[in-house]
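So this block is entry10.pdb, PDB, N, CA and C atoms and all ligand atoms:
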```pdb
MODEL        1
ATOM      1  N   MET D   1      41.759 -15.120 -28.717  1.00  0.00           N
ATOM      2  CA  MET D   1      40.904 -15.039 -29.915  1.00  0.00           C
ATOM      3  C   MET D   1      39.951 -16.231 -29.973  1.00  0.00           C
ATOM      4  N   SER D   2      40.531 -17.348 -29.721  1.00  0.00           N
ATOM      5  CA  SER D   2      39.744 -18.574 -29.769  1.00  0.00           C
ATOM      6  C   SER D   2      38.676 -18.574 -28.668  1.00  0.00           C
ATOM      7  N   ALA D   3      39.092 -18.101 -27.483  1.00  0.00           N
ATOM      8  CA  ALA D   3      38.184 -18.092 -26.339  1.00  0.00           C
ATOM      9  C   ALA D   3      37.022 -17.130 -26.576  1.00  0.00           C
ATOM     10  N   ASP D   4      37.336 -15.960 -27.134  1.00  0.00           N
ATOM     11  CA  ASP D   4      36.323 -14.949 -27.386  1.00  0.00           C
ATOM     12  C   ASP D   4      35.259 -15.472 -28.357  1.00  0.00           C
ATOM     13  N   ARG D   5      35.719 -16.185 -29.322  1.00  0.00           N
ATOM     14  CA  ARG D   5      34.819 -16.731 -30.330  1.00  0.00           C
ATOM     15  C   ARG D   5      33.923 -17.812 -29.700  1.00  0.00           C
ATOM     16  N   ASP D   6      34.531 -18.574 -28.801  1.00  0.00           N
ATOM     17  CA  ASP D   6      33.819 -19.668 -28.155  1.00  0.00           C
ATOM     18  C   ASP D   6      32.677 -19.145 -27.275  1.00  0.00           C
ATOM     19  N   VAL D   7      32.995 -18.072 -26.518  1.00  0.00           N
ATOM     20  CA  VAL D   7      32.010 -17.468 -25.613  1.00  0.00           C
ATOM     21  C   VAL D   7      30.809 -16.939 -26.396  1.00  0.00           C
ATOM     22  N   THR D   8      31.105 -16.276 -27.502  1.00  0.00           N
ATOM     23  CA  THR D   8      30.037 -15.715 -28.323  1.00  0.00           C
ATOM     24  C   THR D   8      29.111 -16.810 -28.835  1.00  0.00           C
ATOM     25  N   THR D   9      29.708 -17.903 -29.230  1.00  0.00           N
ATOM     26  CA  THR D   9      28.926 -19.023 -29.757  1.00  0.00           C
ATOM     27  C   THR D   9      28.059 -19.640 -28.665  1.00  0.00           C
ATOM     28  N   ALA D  10      28.654 -19.833 -27.486  1.00  0.00           N
ATOM     29  CA  ALA D  10      27.937 -20.449 -26.376  1.00  0.00           C
ATOM     30  C   ALA D  10      26.762 -19.584 -25.939  1.00  0.00           C
ATOM     31  N   SER D  11      26.989 -18.291 -25.891  1.00  0.00           N
ATOM     32  CA  SER D  11      25.946 -17.355 -25.466  1.00  0.00           C
ATOM     33  C   SER D  11      24.769 -17.376 -26.427  1.00  0.00           C
ATOM     34  N   ASP D  12      25.094 -17.418 -27.694  1.00  0.00           N
ATOM     35  CA  ASP D  12      24.063 -17.410 -28.721  1.00  0.00           C
ATOM     36  C   ASP D  12      23.259 -18.701 -28.676  1.00  0.00           C
ATOM     37  N   LEU D  13      23.975 -19.804 -28.450  1.00  0.00           N
ATOM     38  CA  LEU D  13      23.348 -21.113 -28.406  1.00  0.00           C
ATOM     39  C   LEU D  13      22.429 -21.209 -27.188  1.00  0.00           C
ATOM     40  N   ARG D  14      22.904 -20.672 -26.076  1.00  0.00           N
ATOM     41  CA  ARG D  14      22.178 -20.750 -24.812  1.00  0.00           C
ATOM     42  C   ARG D  14      20.834 -20.016 -24.881  1.00  0.00           C
ATOM     43  N   SER D  15      20.878 -18.792 -25.373  1.00  0.00           N
ATOM     44  CA  SER D  15      19.654 -18.001 -25.447  1.00  0.00           C
ATOM     45  C   SER D  15      18.648 -18.648 -26.395  1.00  0.00           C
ATOM     46  N   ASP D  16      19.163 -19.443 -27.309  1.00  0.00           N
ATOM     47  CA  ASP D  16      18.291 -20.091 -28.280  1.00  0.00           C
ATOM     48  C   ASP D  16      17.620 -21.317 -27.654  1.00  0.00           C
ATOM     49  N   ILE D  17      18.367 -22.044 -26.811  1.00  0.00           N
ATOM     50  CA  ILE D  17      17.847 -23.274 -26.205  1.00  0.00           C
ATOM     51  C   ILE D  17      16.979 -22.995 -24.977  1.00  0.00           C
ATOM     52  N   VAL D  18      17.523 -22.153 -24.091  1.00  0.00           N
ATOM     53  CA  VAL D  18      16.797 -21.871 -22.842  1.00  0.00           C
ATOM     54  C   VAL D  18      15.809 -20.732 -23.004  1.00  0.00           C
ATOM     55  N   PRO D  19      14.540 -20.996 -22.840  1.00  0.00           N
ATOM     56  CA  PRO D  19      13.525 -19.939 -22.951  1.00  0.00           C
ATOM     57  C   PRO D  19      13.536 -19.031 -21.722  1.00  0.00           C
ATOM     58  N   GLU D  20      12.964 -17.862 -21.833  1.00  0.00           N
ATOM     59  CA  GLU D  20      12.926 -16.912 -20.719  1.00  0.00           C
ATOM     60  C   GLU D  20      12.179 -17.484 -19.522  1.00  0.00           C
ATOM     61  N   ASP D  21      11.202 -18.287 -19.777  1.00  0.00           N
ATOM     62  CA  ASP D  21      10.371 -18.848 -18.720  1.00  0.00           C
ATOM     63  C   ASP D  21      11.185 -19.713 -17.760  1.00  0.00           C
ATOM     64  N   PHE D  22      12.140 -20.455 -18.313  1.00  0.00           N
ATOM     65  CA  PHE D  22      12.962 -21.354 -17.491  1.00  0.00           C
ATOM     66  C   PHE D  22      13.768 -20.573 -16.463  1.00  0.00           C
ATOM     67  N   ASP D  23      14.377 -19.497 -16.890  1.00  0.00           N
ATOM     68  CA  ASP D  23      15.206 -18.675 -16.003  1.00  0.00           C
ATOM     69  C   ASP D  23      14.364 -18.098 -14.862  1.00  0.00           C
ATOM     70  N   LEU D  24      13.199 -17.628 -15.197  1.00  0.00           N
ATOM     71  CA  LEU D  24      12.292 -17.017 -14.231  1.00  0.00           C
ATOM     72  C   LEU D  24      11.861 -18.051 -13.194  1.00  0.00           C
ATOM     73  N   LYS D  25      11.528 -19.218 -13.643  1.00  0.00           N
ATOM     74  CA  LYS D  25      11.057 -20.281 -12.764  1.00  0.00           C
ATOM     75  C   LYS D  25      12.131 -20.689 -11.767  1.00  0.00           C
ATOM     76  N   ALA D  26      13.358 -20.815 -12.266  1.00  0.00           N
ATOM     77  CA  ALA D  26      14.486 -21.204 -11.410  1.00  0.00           C
ATOM     78  C   ALA D  26      14.739 -20.152 -10.339  1.00  0.00           C
ATOM     79  N   ALA D  27      14.644 -18.898 -10.736  1.00  0.00           N
ATOM     80  CA  ALA D  27      14.889 -17.789  -9.805  1.00  0.00           C
ATOM     81  C   ALA D  27      13.837 -17.765  -8.706  1.00  0.00           C
ATOM     82  N   ARG D  28      12.579 -17.981  -9.094  1.00  0.00           N
ATOM     83  CA  ARG D  28      11.483 -17.950  -8.118  1.00  0.00           C
ATOM     84  C   ARG D  28      11.595 -19.130  -7.158  1.00  0.00           C
ATOM     85  N   GLN D  29      11.980 -20.281  -7.691  1.00  0.00           N
ATOM     86  CA  GLN D  29      12.098 -21.482  -6.870  1.00  0.00           C
ATOM     87  C   GLN D  29      13.211 -21.307  -5.840  1.00  0.00           C
ATOM     88  N   LYS D  30      14.314 -20.734  -6.283  1.00  0.00           N
ATOM     89  CA  LYS D  30      15.455 -20.521  -5.410  1.00  0.00           C
ATOM     90  C   LYS D  30      15.095 -19.552  -4.280  1.00  0.00           C
ATOM     91  N   HIS D  31      14.378 -18.509  -4.636  1.00  0.00           N
ATOM     92  CA  HIS D  31      13.976 -17.498  -3.659  1.00  0.00           C
ATOM     93  C   HIS D  31      13.059 -18.116  -2.607  1.00  0.00           C
ATOM     94  N   SER D  32      12.128 -18.926  -3.044  1.00  0.00           N
ATOM     95  CA  SER D  32      11.154 -19.549  -2.159  1.00  0.00           C
ATOM     96  C   SER D  32      11.846 -20.455  -1.144  1.00  0.00           C
ATOM     97  N   THR D  33      12.807 -21.237  -1.603  1.00  0.00           N
ATOM     98  CA  THR D  33      13.516 -22.166  -0.735  1.00  0.00           C
ATOM     99  C   THR D  33      14.328 -21.408   0.311  1.00  0.00           C
ATOM    100  N   THR D  34      14.993 -20.357  -0.129  1.00  0.00           N
ATOM    101  CA  THR D  34      15.817 -19.567   0.776  1.00  0.00           C
ATOM    102  C   THR D  34      14.958 -18.913   1.855  1.00  0.00           C
ATOM    103  N   ASP D  35      13.813 -18.410   1.436  1.00  0.00           N
ATOM    104  CA  ASP D  35      12.912 -17.732   2.354  1.00  0.00           C
ATOM    105  C   ASP D  35      12.412 -18.700   3.434  1.00  0.00           C
ATOM    106  N   ARG D  36      12.092 -19.912   3.014  1.00  0.00           N
ATOM    107  CA  ARG D  36      11.556 -20.898   3.946  1.00  0.00           C
ATOM    108  C   ARG D  36      12.625 -21.321   4.954  1.00  0.00           C
ATOM    109  N   ASP D  37      13.858 -21.474   4.496  1.00  0.00           N
ATOM    110  CA  ASP D  37      14.954 -21.908   5.357  1.00  0.00           C
ATOM    111  C   ASP D  37      15.287 -20.876   6.430  1.00  0.00           C
ATOM    112  N   ALA D  38      15.183 -19.618   6.033  1.00  0.00           N
ATOM    113  CA  ALA D  38      15.598 -18.540   6.937  1.00  0.00           C
ATOM    114  C   ALA D  38      14.493 -18.130   7.902  1.00  0.00           C
ATOM    115  N   ARG D  39      13.351 -18.768   7.811  1.00  0.00           N
ATOM    116  CA  ARG D  39      12.225 -18.353   8.624  1.00  0.00           C
ATOM    117  C   ARG D  39      12.427 -18.700  10.109  1.00  0.00           C
ATOM    118  N   PRO D  40      12.230 -17.740  10.968  1.00  0.00           N
ATOM    119  CA  PRO D  40      12.365 -17.989  12.409  1.00  0.00           C
ATOM    120  C   PRO D  40      11.210 -18.837  12.929  1.00  0.00           C
ATOM    121  N   ARG D  41      11.511 -19.667  13.928  1.00  0.00           N
ATOM    122  CA  ARG D  41      10.480 -20.560  14.455  1.00  0.00           C
ATOM    123  C   ARG D  41      10.383 -20.470  15.965  1.00  0.00           C
ATOM    124  N   CYS D  42       9.294 -20.983  16.481  1.00  0.00           N
ATOM    125  CA  CYS D  42       9.105 -21.056  17.923  1.00  0.00           C
ATOM    126  C   CYS D  42      10.079 -22.087  18.493  1.00  0.00           C
ATOM    127  N   PRO D  43      10.864 -21.730  19.505  1.00  0.00           N
ATOM    128  CA  PRO D  43      11.840 -22.643  20.085  1.00  0.00           C
ATOM    129  C   PRO D  43      11.165 -23.763  20.881  1.00  0.00           C
ATOM    130  N   GLU D  44       9.874 -23.642  21.106  1.00  0.00           N
ATOM    131  CA  GLU D  44       9.157 -24.634  21.902  1.00  0.00           C
ATOM    132  C   GLU D  44       8.537 -25.722  21.014  1.00  0.00           C
ATOM    133  N   CYS D  45       7.805 -25.310  19.982  1.00  0.00           N
ATOM    134  CA  CYS D  45       7.107 -26.285  19.132  1.00  0.00           C
ATOM    135  C   CYS D  45       7.608 -26.244  17.690  1.00  0.00           C
ATOM    136  N   PHE D  46       8.517 -25.304  17.368  1.00  0.00           N
ATOM    137  CA  PHE D  46       9.141 -25.182  16.047  1.00  0.00           C
ATOM    138  C   PHE D  46       8.165 -24.894  14.927  1.00  0.00           C
ATOM    139  N   LYS D  47       7.057 -24.247  15.261  1.00  0.00           N
ATOM    140  CA  LYS D  47       6.140 -23.771  14.230  1.00  0.00           C
ATOM    141  C   LYS D  47       6.611 -22.388  13.781  1.00  0.00           C
ATOM    142  N   ILE D  48       6.231 -22.026  12.551  1.00  0.00           N
ATOM    143  CA  ILE D  48       6.642 -20.709  12.047  1.00  0.00           C
ATOM    144  C   ILE D  48       5.609 -19.639  12.362  1.00  0.00           C
ATOM    145  N   SER D  49       4.558 -20.035  13.071  1.00  0.00           N
ATOM    146  CA  SER D  49       3.492 -19.086  13.379  1.00  0.00           C
ATOM    147  C   SER D  49       3.826 -18.255  14.613  1.00  0.00           C
ATOM    148  N   ILE D  50       4.874 -17.454  14.495  1.00  0.00           N
ATOM    149  CA  ILE D  50       5.251 -16.608  15.616  1.00  0.00           C
ATOM    150  C   ILE D  50       4.970 -15.151  15.292  1.00  0.00           C
ATOM    151  N   VAL D  51       4.675 -14.396  16.309  1.00  0.00           N
ATOM    152  CA  VAL D  51       4.339 -12.984  16.135  1.00  0.00           C
ATOM    153  C   VAL D  51       5.370 -12.127  16.843  1.00  0.00           C
ATOM    154  N   LYS D  52       5.914 -11.183  16.093  1.00  0.00           N
ATOM    155  CA  LYS D  52       6.885 -10.272  16.715  1.00  0.00           C
ATOM    156  C   LYS D  52       6.128  -9.113  17.345  1.00  0.00           C
ATOM    157  N   ARG D  53       6.399  -8.878  18.601  1.00  0.00           N
ATOM    158  CA  ARG D  53       5.711  -7.799  19.281  1.00  0.00           C
ATOM    159  C   ARG D  53       6.558  -6.524  19.228  1.00  0.00           C
ATOM    160  N   SER D  54       5.893  -5.400  19.276  1.00  0.00           N
ATOM    161  CA  SER D  54       6.623  -4.147  19.432  1.00  0.00           C
ATOM    162  C   SER D  54       6.934  -3.981  20.908  1.00  0.00           C
ATOM    163  N   PRO D  55       7.991  -3.261  21.235  1.00  0.00           N
ATOM    164  CA  PRO D  55       8.385  -3.068  22.632  1.00  0.00           C
ATOM    165  C   PRO D  55       7.246  -2.523  23.480  1.00  0.00           C
ATOM    166  N   GLY D  56       6.439  -1.659  22.895  1.00  0.00           N
ATOM    167  CA  GLY D  56       5.319  -1.077  23.630  1.00  0.00           C
ATOM    168  C   GLY D  56       4.302  -2.126  24.032  1.00  0.00           C
ATOM    169  N   ILE D  57       3.948  -3.000  23.101  1.00  0.00           N
ATOM    170  CA  ILE D  57       2.974  -4.051  23.367  1.00  0.00           C
ATOM    171  C   ILE D  57       3.533  -5.041  24.384  1.00  0.00           C
ATOM    172  N   ALA D  58       4.814  -5.381  24.231  1.00  0.00           N
ATOM    173  CA  ALA D  58       5.445  -6.312  25.160  1.00  0.00           C
ATOM    174  C   ALA D  58       5.420  -5.738  26.573  1.00  0.00           C
ATOM    175  N   GLY D  59       5.580  -4.427  26.687  1.00  0.00           N
ATOM    176  CA  GLY D  59       5.542  -3.776  27.991  1.00  0.00           C
ATOM    177  C   GLY D  59       4.169  -3.887  28.618  1.00  0.00           C
ATOM    178  N   ILE D  60       3.135  -3.751  27.796  1.00  0.00           N
ATOM    179  CA  ILE D  60       1.762  -3.840  28.293  1.00  0.00           C
ATOM    180  C   ILE D  60       1.467  -5.260  28.792  1.00  0.00           C
ATOM    181  N   VAL D  61       1.918  -6.234  28.030  1.00  0.00           N
ATOM    182  CA  VAL D  61       1.698  -7.636  28.398  1.00  0.00           C
ATOM    183  C   VAL D  61       2.531  -7.997  29.624  1.00  0.00           C
ATOM    184  N   SER D  62       3.641  -7.302  29.794  1.00  0.00           N
ATOM    185  CA  SER D  62       4.463  -7.355  30.999  1.00  0.00           C
ATOM    186  C   SER D  62       5.360  -8.566  31.159  1.00  0.00           C
ATOM    187  N   ASP D  63       5.386  -9.472  30.202  1.00  0.00           N
ATOM    188  CA  ASP D  63       6.376 -10.544  30.327  1.00  0.00           C
ATOM    189  C   ASP D  63       7.673 -10.127  29.632  1.00  0.00           C
ATOM    190  N   GLY D  64       7.618  -9.044  28.834  1.00  0.00           N
ATOM    191  CA  GLY D  64       8.816  -8.461  28.244  1.00  0.00           C
ATOM    192  C   GLY D  64       9.443  -9.252  27.108  1.00  0.00           C
ATOM    193  N   ARG D  65       8.737 -10.256  26.613  1.00  0.00           N
ATOM    194  CA  ARG D  65       9.300 -11.063  25.523  1.00  0.00           C
ATOM    195  C   ARG D  65       9.042 -10.395  24.169  1.00  0.00           C
ATOM    196  N   ALA D  66       9.999 -10.571  23.250  1.00  0.00           N
ATOM    197  CA  ALA D  66       9.890  -9.919  21.949  1.00  0.00           C
ATOM    198  C   ALA D  66       8.974 -10.690  20.995  1.00  0.00           C
ATOM    199  N   TYR D  67       8.868 -12.012  21.198  1.00  0.00           N
ATOM    200  CA  TYR D  67       8.052 -12.831  20.297  1.00  0.00           C
ATOM    201  C   TYR D  67       7.034 -13.669  21.061  1.00  0.00           C
ATOM    202  N   ARG D  68       5.973 -14.016  20.355  1.00  0.00           N
ATOM    203  CA  ARG D  68       4.992 -14.911  20.943  1.00  0.00           C
ATOM    204  C   ARG D  68       4.567 -15.922  19.883  1.00  0.00           C
ATOM    205  N   CYS D  69       4.499 -17.197  20.280  1.00  0.00           N
ATOM    206  CA  CYS D  69       4.074 -18.243  19.356  1.00  0.00           C
ATOM    207  C   CYS D  69       2.560 -18.276  19.310  1.00  0.00           C
ATOM    208  N   ASP D  70       2.030 -18.267  18.075  1.00  0.00           N
ATOM    209  CA  ASP D  70       0.581 -18.255  17.917  1.00  0.00           C
ATOM    210  C   ASP D  70      -0.003 -19.653  18.091  1.00  0.00           C
ATOM    211  N   LYS D  71       0.857 -20.660  18.063  1.00  0.00           N
ATOM    212  CA  LYS D  71       0.387 -22.049  18.153  1.00  0.00           C
ATOM    213  C   LYS D  71       0.303 -22.521  19.598  1.00  0.00           C
ATOM    214  N   CYS D  72       1.381 -22.343  20.343  1.00  0.00           N
ATOM    215  CA  CYS D  72       1.416 -22.875  21.709  1.00  0.00           C
ATOM    216  C   CYS D  72       1.410 -21.776  22.762  1.00  0.00           C
ATOM    217  N   GLY D  73       1.508 -20.511  22.327  1.00  0.00           N
ATOM    218  CA  GLY D  73       1.424 -19.405  23.280  1.00  0.00           C
ATOM    219  C   GLY D  73       2.720 -19.135  24.018  1.00  0.00           C
ATOM    220  N   HIS D  74       3.782 -19.812  23.628  1.00  0.00           N
ATOM    221  CA  HIS D  74       5.074 -19.614  24.264  1.00  0.00           C
ATOM    222  C   HIS D  74       5.634 -18.244  23.902  1.00  0.00           C
ATOM    223  N   THR D  75       6.212 -17.567  24.873  1.00  0.00           N
ATOM    224  CA  THR D  75       6.828 -16.263  24.602  1.00  0.00           C
ATOM    225  C   THR D  75       8.330 -16.382  24.761  1.00  0.00           C
ATOM    226  N   PHE D  76       9.056 -15.675  23.915  1.00  0.00           N
ATOM    227  CA  PHE D  76      10.511 -15.801  23.907  1.00  0.00           C
ATOM    228  C   PHE D  76      11.152 -14.566  23.307  1.00  0.00           C
ATOM    229  N   ASP D  77      12.435 -14.390  23.573  1.00  0.00           N
ATOM    230  CA  ASP D  77      13.179 -13.231  23.062  1.00  0.00           C
ATOM    231  C   ASP D  77      13.793 -13.492  21.701  1.00  0.00           C
ATOM    232  N   GLU D  78      14.302 -14.708  21.527  1.00  0.00           N
ATOM    233  CA  GLU D  78      14.934 -15.028  20.248  1.00  0.00           C
ATOM    234  C   GLU D  78      14.336 -16.285  19.650  1.00  0.00           C
ATOM    235  N   PRO D  79      13.822 -16.175  18.413  1.00  0.00           N
ATOM    236  CA  PRO D  79      13.240 -17.322  17.738  1.00  0.00           C
ATOM    237  C   PRO D  79      14.313 -18.322  17.327  1.00  0.00           C
ATOM    238  N   ALA D  80      13.942 -19.559  17.234  1.00  0.00           N
ATOM    239  CA  ALA D  80      14.863 -20.582  16.764  1.00  0.00           C
ATOM    240  C   ALA D  80      14.941 -20.512  15.251  1.00  0.00           C
ATOM    241  N   GLU D  81      16.159 -20.404  14.730  1.00  0.00           N
ATOM    242  CA  GLU D  81      16.303 -20.337  13.282  1.00  0.00           C
ATOM    243  C   GLU D  81      16.852 -21.642  12.753  1.00  0.00           C
ATOM    244  N   VAL D  82      16.057 -22.307  11.968  1.00  0.00           N
ATOM    245  CA  VAL D  82      16.465 -23.583  11.400  1.00  0.00           C
ATOM    246  C   VAL D  82      17.240 -23.337  10.108  1.00  0.00           C
ATOM    247  N   GLY D  83      18.524 -23.694  10.117  1.00  0.00           N
ATOM    248  CA  GLY D  83      19.372 -23.460   8.953  1.00  0.00           C
ATOM    249  C   GLY D  83      18.943 -24.242   7.742  1.00  0.00           C
ATOM    250  N   ARG D  84      18.970 -25.551   7.823  1.00  0.00           N
ATOM    251  CA  ARG D  84      18.534 -26.366   6.704  1.00  0.00           C
ATOM    252  C   ARG D  84      17.690 -27.517   7.194  1.00  0.00           C
TER     253      ARG D  84
HETATM  254 ZN    ZN D 101       5.190 -22.690  19.851  1.00  0.00          ZN
ENDMDL
END
```
Represent the supplied structure as structure tokens.
Amino acid sequence: MSADRDVTTASDLRSDIVPEDFDLKAARQKHSTTDRDARPRCPECFKISIVKRSPGIAGIVSDGRAYRCDKCGHTFDEPAEVGR
């Protein structure tokens, strides 16, 4: 009984103090950081400017690599993924 009453009070207080804008901003910031961390990079120069090729295009180019770095021109099968 006591706990139920406490939760109701906290919820009411929270919505009153924290504006909707704050929640939205935090969510967007979190998403942006996660996206940047998970971005694949060139294993040669570690730039994120890599292009994923389709199998057909890779066949035409004939080196058979799945990715190509737009910065240094390095071609590779698996991009380097920087965790943090
Ligand atoms: Zn590169």
Next on the checklist: Residues near stretch 74-81 of chain D, anyone? I mean within 6.5 Å using only N, CA and C atoms, not counting same-chain ones fewer than 2 positions away, as JSON, numbers by chain.
Outcome noted: {"D": [38, 39, 40, 41, 42, 43, 65, 66, 67, 68, 69, 70, 71, 72, 83]}
Please report, as lines of an AutoDock Vina configuration file, the centre and edge lengths in Å to one decimal of an axis-aligned box covering all listed atoms of stretch 72-78 of chain D with 8 Å per side.
```
center_x = 8.2
center_y = -18.1
center_z = 22.3
size_x = 29.6
size_y = 25.6
size_z = 21.2
```
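The nearest approach to ligand ZN 101 (chain D) among the residues D:Gly73, D:Ser54, D:Asp63, D:Val82, with all atoms listed in the file taken into account, belongs to D:Gly73.
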Checklist outcome for this item: In Å and to one decimal, atom ZN of ligand ZN 101 (chain D) is distant from atom CA of D:Glu44 by 4.9 Å
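Put simply, atom CA of D:Gly64 is 16.9 Å away from atom ZN of ligand ZN 101 (chain D).
Straight-line separation from atom C of D:Ile50 to atom ZN of ligand ZN 101 (chain D): 8.8 Å.
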